[in-house]
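To start, the structure itself, in structure tokens.
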Amino acid sequence: MGKLKTADFSEEWALLEEGFNRELSKYYEGLFTQGNGYIDLRGSVEEGFKSVNQALEYDRKPANVTLEKHIETPSKWGTYIPGIVGKHPYLETEIINLPYICEVSLRAGDEEFDLENSSYENYRRYLDMRDGCLHRSFIWNTKSGRRINIEFVRFLSMSNTHILAEEIVLRSLEGDADITVSSGINAGVRTNGFDHFESVRCGAFSGKYTECTVSTNG
């Protein structure tokens, strides 16, 4: 498969995040949400946060929205297909948060990249309003002294709404680097603290592809 062809950066057409701020992370996830009329995907970072439990379960009951105290977290994975809904024990019928399809783990030797704990520079993320592509780039300064330039591009197709494409380009700027990239589909997600999945089957099959099948209470 060839490299994704995207437009050159234009500040006039970009929703831009310069540098990483943990306190604003969830805000930018919402701002960078992508959709194509079939599926909607929050703009969460692919590797997630080690400090965040996406499968946290809790009781969320109807309340005055001005008094409700939300769970404090820098990230909330969100994958939604309008029409796939389920019964919440307190909030009635709601759209279900589906398995996260963009999970990626990056390792350089024994070190795994983590936005909250790793050393990096030149962090930038933006949503290009011309083609809908979500871009992220930074230089990872590993503990072993390597500098690795990393670029992400995420794209939801409008012509075939069942296609999501993601490209990750890694380039060592100083010396050789032993890099491992792992990806998968993570069903460890909840919707307003509730598990709507009655059965989950995820894994690699035939050595060719990853699949995740869930049944819901909808």
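Chain labels run A, B, ... following the order of the structure tokens; each chain numbers its residues from 1, and ligands are numbered from 1 in the order shown.
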
With a distance cut-off of 12 Å and only C-alpha atoms, select the neighbouring residues of Thr191 in chain A, excluding the residue or stretch itself and same-chain residues fewer than 4 positions from it, and output the selection as a tab-separated table (two decimals) with C-alpha atoms, in the first residue's frame.
```tsv
chain	number	residue	atom	x	y	z
A	54	GLN	CA	-10.67	2.99	29.72
A	55	ALA	CA	-12.67	0.09	31.20
A	56	LEU	CA	-13.49	1.91	34.45
A	57	GLU	CA	-17.01	1.12	35.62
A	58	TYR	CA	-18.99	3.50	37.82
A	59	ASP	CA	-22.56	4.58	38.52
A	60	ARG	CA	-23.63	7.61	36.51
A	76	LYS	CA	-11.65	8.94	26.73
A	77	TRP	CA	-11.61	6.63	23.72
A	78	GLY	CA	-14.76	6.99	21.65
A	79	THR	CA	-15.90	5.00	18.61
A	80	TYR	CA	-19.57	5.43	17.69
A	85	VAL	CA	-27.56	1.83	21.06
A	86	GLY	CA	-28.12	0.02	24.32
A	87	LYS	CA	-29.90	0.26	27.64
A	88	HIS	CA	-28.01	2.01	30.45
A	89	PRO	CA	-29.23	1.12	33.98
A	90	TYR	CA	-29.77	4.79	34.87
A	91	LEU	CA	-29.57	6.87	31.68
A	93	THR	CA	-31.11	4.27	25.92
A	94	GLU	CA	-27.72	5.62	24.82
A	95	ILE	CA	-25.34	5.27	21.89
A	96	ILE	CA	-22.73	2.61	22.68
A	97	ASN	CA	-19.00	3.29	22.77
A	98	LEU	CA	-17.58	0.56	20.51
A	99	PRO	CA	-14.13	-1.12	20.62
A	187	ALA	CA	-12.77	-3.82	23.55
A	195	ASP	CA	-20.37	-2.30	30.02
A	196	HIS	CA	-22.82	-2.82	27.16
A	197	PHE	CA	-20.96	-5.84	25.74
A	216	THR	CA	-24.38	-5.69	22.85
```

List as a tab-separated table every residue of range 20-114 of chain A that is in contact with range 121-141 of chain A, defined as an atom at most 10 Å from one of its atoms (using only C-alpha atoms), together with the nearest atom pair and the distance in Å rounded to one decimal, sorted by chain and then rising number.
```
residue	atom	partner	partner_atom	distance
A:Phe20	CA	A:Tyr123	CA	6.6
A:Tyr28	CA	A:Arg125	CA	9.4
A:Leu31	CA	A:Leu127	CA	8.7
A:Phe32	CA	A:Leu127	CA	6.1
A:Thr33	CA	A:Leu127	CA	8.8
A:Gln34	CA	A:Gly132	CA	7.2
A:Gly35	CA	A:Gly132	CA	8.7
A:Asn36	CA	A:Gly132	CA	9.3
A:Gly43	CA	A:Leu134	CA	8.0
A:Val45	CA	A:Arg136	CA	8.8
A:Ala108	CA	A:Trp140	CA	9.6
A:Phe113	CA	A:Trp140	CA	8.0
A:Asp114	CA	A:Trp140	CA	9.9
```

6 Å contact set for Glu46 in chain A, only C-alpha atoms, chain neighbours under 2 positions out, as an mmCIF file with C-alpha atoms, in the first residue's frame:
```
data_model
loop_
_atom_site.group_PDB
_atom_site.id
_atom_site.type_symbol
_atom_site.label_atom_id
_atom_site.label_comp_id
_atom_site.auth_asym_id
_atom_site.auth_seq_id
_atom_site.Cartn_x
_atom_site.Cartn_y
_atom_site.Cartn_z
ATOM 1 C CA GLY A 48 -3.341 6.031 25.033
ATOM 2 C CA CYS A 102 -6.700 2.695 16.521
ATOM 3 C CA GLU A 103 -4.690 1.334 19.457
ATOM 4 C CA VAL A 104 -0.926 1.356 18.788
#
```

Close residues, Thr142 in chain A itself excluded, 10 Å, only C-alpha atoms, min 6 positions apart in chain, as a PyMOL selection string: chain A and resi 107-109+111-113+118-120+148+177

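Neighbours of range 212-214 of chain A closer than or equal to 10 Å, with only C-alpha atoms counted and sequence neighbours fewer than 3 positions away skipped, come out as Leu98, Pro99, Tyr100, Ile101, Gly184, Ile185, Asn186, Ala187, His196, Phe197, Glu198, Ser199, Val200, Arg201, Cys202, Gly203 and Ala204 of chain A.
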
Can you pull out every residue from range 13-64 of chain A that DSSP, working from the backbone, puts in helix (DSSP H, G or I), and format the result as a list in words? Trp13, Arg22, Glu23, Leu24, Ser25, Lys26, Tyr27, Tyr28, Glu29, Gly30 and Leu31 of chain A
